[in-house]
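Trainee: Here's a structure for you.
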Amino acid sequence: MRRGLIAACEEALSSAQPFGREVALQLREKDLSGRELLELARELRKVCTRYGARLIINDRIDVAIACDADGVHLPANSFAVADARKILGPAKLIGCSTHSIDEVKTASHAGADFIVFGPVFDPISKSSYGRATGVEMLRAAWDAATIPVYALGGITAERIRELRDSGVSGVAAIGSVFGAESIADATRALMQAIVDYLP
């Protein structure tokens, strides 16, 4: 399974590269042991470096440091941003999951580098964290934030058009890419929509 995941990530990143947009891969395999996660992270570090993509590790600051990831993504119930910053230092990225305007404001003022907000639409790949917020709430999140906001939850190439006036810097997608019959085709469609409709 691990080899298949690495191959899938490489297919997605290689398909995204020609579009010239900044791309990041977030590793969030929660069912792996620390050792297994680190081994996978080190392999994905090589893949990300090959395609000029950033590697972000979900929650595990120790794994992020050990594999020289570009940063961490903190779930809502994870470390405080200030504590993560003390460990990681100023050069690494820190992102935060947010699901409400209050969480957006907290993450913005705490020193996070970016926010992922959602679910904007009903998620494809996992059960919803509460109800879908919709595009209007995404706009409100962008208004409240002082750092870049990325939309998450049910993101597809077709729906990106709906986000063009929301202020978001980009999107995060799982199901529409890794659940597709062709990862390469799905990635290209998603990237083309980003180029067409997002700044």
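To be explicit about the labels: the chains of the structure tokens are called A, B, and onward in the order shown, and within each one the residues are counted from 1, while ligands get numbers from 1 in the order they are shown.
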Could you tell me, as a PDB file with N, CA and C atoms, in the first residue's frame, which residues of stretch 22-150 of chain A DSSP assigns to strand (DSSP E or B) when given the backbone?
Mentor:
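Resulting contents of states.pdb:
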ATOM      1  N   ALA A  24       1.677  21.799  -2.884  1.00  0.00           N
ATOM      2  CA  ALA A  24       2.172  21.138  -1.670  1.00  0.00           C
ATOM      3  C   ALA A  24       1.470  19.805  -1.502  1.00  0.00           C
ATOM      4  N   LEU A  25       2.156  18.873  -0.908  1.00  0.00           N
ATOM      5  CA  LEU A  25       1.600  17.560  -0.586  1.00  0.00           C
ATOM      6  C   LEU A  25       1.540  17.442   0.936  1.00  0.00           C
ATOM      7  N   GLN A  26       0.359  17.135   1.450  1.00  0.00           N
ATOM      8  CA  GLN A  26       0.218  16.965   2.902  1.00  0.00           C
ATOM      9  C   GLN A  26       0.111  15.489   3.229  1.00  0.00           C
ATOM     10  N   LEU A  27       0.976  15.027   4.118  1.00  0.00           N
ATOM     11  CA  LEU A  27       0.979  13.635   4.557  1.00  0.00           C
ATOM     12  C   LEU A  27       0.193  13.528   5.857  1.00  0.00           C
ATOM     13  N   ARG A  54       6.158  21.397  -2.100  1.00  0.00           N
ATOM     14  CA  ARG A  54       6.416  21.419  -0.660  1.00  0.00           C
ATOM     15  C   ARG A  54       5.790  20.190   0.006  1.00  0.00           C
ATOM     16  N   LEU A  55       6.449  19.725   1.050  1.00  0.00           N
ATOM     17  CA  LEU A  55       5.925  18.607   1.844  1.00  0.00           C
ATOM     18  C   LEU A  55       5.500  19.124   3.202  1.00  0.00           C
ATOM     19  N   ILE A  56       4.238  18.901   3.538  1.00  0.00           N
ATOM     20  CA  ILE A  56       3.673  19.321   4.816  1.00  0.00           C
ATOM     21  C   ILE A  56       3.229  18.066   5.567  1.00  0.00           C
ATOM     22  N   ILE A  57       3.612  17.954   6.819  1.00  0.00           N
ATOM     23  CA  ILE A  57       3.257  16.793   7.640  1.00  0.00           C
ATOM     24  C   ILE A  57       2.107  17.156   8.564  1.00  0.00           C
ATOM     25  N   ASN A  58       1.099  16.330   8.589  1.00  0.00           N
ATOM     26  CA  ASN A  58      -0.048  16.567   9.449  1.00  0.00           C
ATOM     27  C   ASN A  58       0.297  16.260  10.905  1.00  0.00           C
ATOM     28  N   GLY A  71       7.054  21.997   6.462  1.00  0.00           N
ATOM     29  CA  GLY A  71       6.244  22.505   7.549  1.00  0.00           C
ATOM     30  C   GLY A  71       5.274  21.473   8.076  1.00  0.00           C
ATOM     31  N   VAL A  72       4.375  21.941   8.929  1.00  0.00           N
ATOM     32  CA  VAL A  72       3.363  21.071   9.528  1.00  0.00           C
ATOM     33  C   VAL A  72       1.989  21.692   9.342  1.00  0.00           C
ATOM     34  N   HIS A  73       1.002  20.817   9.392  1.00  0.00           N
ATOM     35  CA  HIS A  73      -0.381  21.275   9.393  1.00  0.00           C
ATOM     36  C   HIS A  73      -1.010  20.822  10.697  1.00  0.00           C
ATOM     37  N   LEU A  74      -1.560  21.769  11.451  1.00  0.00           N
ATOM     38  CA  LEU A  74      -2.085  21.477  12.780  1.00  0.00           C
ATOM     39  C   LEU A  74      -3.608  21.368  12.749  1.00  0.00           C
ATOM     40  N   LEU A  93       6.915  26.275   7.605  1.00  0.00           N
ATOM     41  CA  LEU A  93       5.521  26.680   7.482  1.00  0.00           C
ATOM     42  C   LEU A  93       4.652  26.017   8.542  1.00  0.00           C
ATOM     43  N   ILE A  94       3.678  26.751   9.029  1.00  0.00           N
ATOM     44  CA  ILE A  94       2.682  26.200   9.945  1.00  0.00           C
ATOM     45  C   ILE A  94       1.300  26.552   9.416  1.00  0.00           C
ATOM     46  N   GLY A  95       0.529  25.522   9.129  1.00  0.00           N
ATOM     47  CA  GLY A  95      -0.852  25.714   8.700  1.00  0.00           C
ATOM     48  C   GLY A  95      -1.807  25.203   9.747  1.00  0.00           C
ATOM     49  N   CYS A  96      -3.030  25.707   9.728  1.00  0.00           N
ATOM     50  CA  CYS A  96      -4.037  25.309  10.715  1.00  0.00           C
ATOM     51  C   CYS A  96      -5.351  24.970  10.028  1.00  0.00           C
ATOM     52  N   SER A  97      -5.982  23.897  10.489  1.00  0.00           N
ATOM     53  CA  SER A  97      -7.343  23.596  10.072  1.00  0.00           C
ATOM     54  C   SER A  97      -8.298  24.493  10.832  1.00  0.00           C
ATOM     55  N   THR A  98      -9.237  25.074  10.134  1.00  0.00           N
ATOM     56  CA  THR A  98     -10.237  25.928  10.779  1.00  0.00           C
ATOM     57  C   THR A  98     -11.614  25.591  10.228  1.00  0.00           C
ATOM     58  N   PHE A 114      -0.657  29.902   7.134  1.00  0.00           N
ATOM     59  CA  PHE A 114      -1.821  29.748   6.273  1.00  0.00           C
ATOM     60  C   PHE A 114      -2.921  29.000   7.013  1.00  0.00           C
ATOM     61  N   ILE A 115      -4.119  29.102   6.468  1.00  0.00           N
ATOM     62  CA  ILE A 115      -5.304  28.468   7.047  1.00  0.00           C
ATOM     63  C   ILE A 115      -5.965  27.607   5.982  1.00  0.00           C
ATOM     64  N   VAL A 116      -6.433  26.449   6.385  1.00  0.00           N
ATOM     65  CA  VAL A 116      -7.312  25.649   5.545  1.00  0.00           C
ATOM     66  C   VAL A 116      -8.695  25.716   6.174  1.00  0.00           C
ATOM     67  N   PHE A 117      -9.679  26.163   5.402  1.00  0.00           N
ATOM     68  CA  PHE A 117     -11.025  26.374   5.929  1.00  0.00           C
ATOM     69  C   PHE A 117     -12.023  25.452   5.239  1.00  0.00           C
ATOM     70  N   VAL A 149      -5.775  31.847   2.846  1.00  0.00           N
ATOM     71  CA  VAL A 149      -6.829  30.885   3.163  1.00  0.00           C
ATOM     72  C   VAL A 149      -6.960  29.919   1.994  1.00  0.00           C
ATOM     73  N   TYR A 150      -7.028  28.623   2.311  1.00  0.00           N
ATOM     74  CA  TYR A 150      -7.222  27.580   1.304  1.00  0.00           C
ATOM     75  C   TYR A 150      -8.535  26.854   1.596  1.00  0.00           C
TER      76      TYR A 150
END
Trainee: For the alpha helix (DSSP H) assignment from backbone DSSP, which residues of chain A qualify? Please present them as a PyMOL selection string.
Mentor: chain A and resi 2-16+34-50+61-66+81-88+101-110+135-144+175-178+183-197
Trainee: Enter the distance from atom CA of A:Ile194 to atom CA of A:Thr156, in Å, rounded to one decimal.
Mentor: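 Separating atom CA of A:Ile194 from atom CA of A:Thr156 is a distance of 10.2 Å.
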Trainee: For stretch 37-89 of chain A versus stretch 1-10 of chain A, which residues have an atom no more than 12 Å away, and what is each residue's nearest atom pair and distance in Å rounded to one decimal, using only C-alpha atoms, chain-then-number order, as CSV?
Mentor:
residue,atom,partner,partner_atom,distance
A:Leu37,CA,A:Arg2,CA,9.9
A:Leu38,CA,A:Arg2,CA,11.9
A:Glu39,CA,A:Arg2,CA,9.7
A:Leu40,CA,A:Arg2,CA,7.2
A:Ala41,CA,A:Ile6,CA,9.7
A:Arg42,CA,A:Ile6,CA,10.7
A:Glu43,CA,A:Ile6,CA,7.5
A:Leu44,CA,A:Ile6,CA,6.6
A:Arg45,CA,A:Ile6,CA,10.3
A:Lys46,CA,A:Glu10,CA,10.0
A:Val47,CA,A:Glu10,CA,6.3
A:Cys48,CA,A:Glu10,CA,8.0
A:Thr49,CA,A:Glu10,CA,10.8
A:Arg50,CA,A:Glu10,CA,9.2
A:Tyr51,CA,A:Glu10,CA,8.3
A:Gly52,CA,A:Glu10,CA,11.5
A:Ala53,CA,A:Glu10,CA,10.5
A:Leu55,CA,A:Cys9,CA,11.2
Trainee: Which is closer to A:Ile61 than all the others in A:Ile87, A:Ala82, A:Ser166, A:Ala12, using only C-alpha atoms?
Mentor: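 Going through A:Ile87, A:Ala82, A:Ser166, A:Ala12 one by one, the smallest distance to A:Ile61 is for A:Ile87.
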Trainee: Extract, using only C-alpha atoms, all DNA, RNA and protein residues at most 8 Å from A:Gly134, discarding same-chain residues fewer than 5 positions from it, and format them as a VMD selection string.
Mentor: chain A and resid 119 to 121
Trainee: Quick one: distance from atom CA of A:Gly154 to atom CA of A:Ser108 in Å, one decimal?
Mentor: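 Atom CA of A:Gly154 sits 23.9 Å away from atom CA of A:Ser108.
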Trainee: Find the distance between atom CA of A:Ile160 and atom CA of A:Glu11 and write it in Å to one decimal.
Mentor: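 These two atoms are separated by 21.4 Å.
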Trainee: With only C-alpha atoms as the counted atoms, please give the residues lying no more than 9 Å from A:Asp196, apart from itself and same-chain residues fewer than 5 positions off, as a list in words.
Mentor: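 Result of the neighbour search: Arg161, Arg164 and Met191 of chain A.
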Trainee: Of the candidates A:Met137, A:Ala91, A:Ala145, A:Leu198, which one gets nearest to A:Ala110 if we count only C-alpha atoms?
Mentor: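 Answer, going by the shortest atom-to-atom distance: A:Ala145.
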Trainee: From the set A:Ala144, A:Ala151, A:Gln17, A:Phe79, which residue has the shortest atom-to-atom contact distance to A:Ala132, counting only C-alpha atoms?
Mentor: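 Result for the nearest residue to A:Ala132: A:Ala151.
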Trainee: Between A:Asp113, A:Asp102, A:Glu158, A:Asp122, which has the minimum distance to A:Ala141 (counting only C-alpha atoms)?
Mentor: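 Closest residue, counting only C-alpha atoms: A:Asp102.
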Trainee: Set the distance at 9 Å and use only C-alpha atoms: which residues neighbour A:Leu190 once local chain neighbours fewer than 5 positions away are removed? I'd like the list as a list in words.
Mentor: Ala16, Ile155, Thr156, Ala157, Glu158, Ile160, Ala173, Ser176, Val177, Asp185 and Val195 of chain A
Trainee: Looking at A:Ile124, A:Arg28, A:Tyr197, A:Arg85, which one is nearest to A:Asp59, with distances taken over only C-alpha atoms?
Mentor: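 Among the listed residues, A:Arg28 lies closest to A:Asp59.
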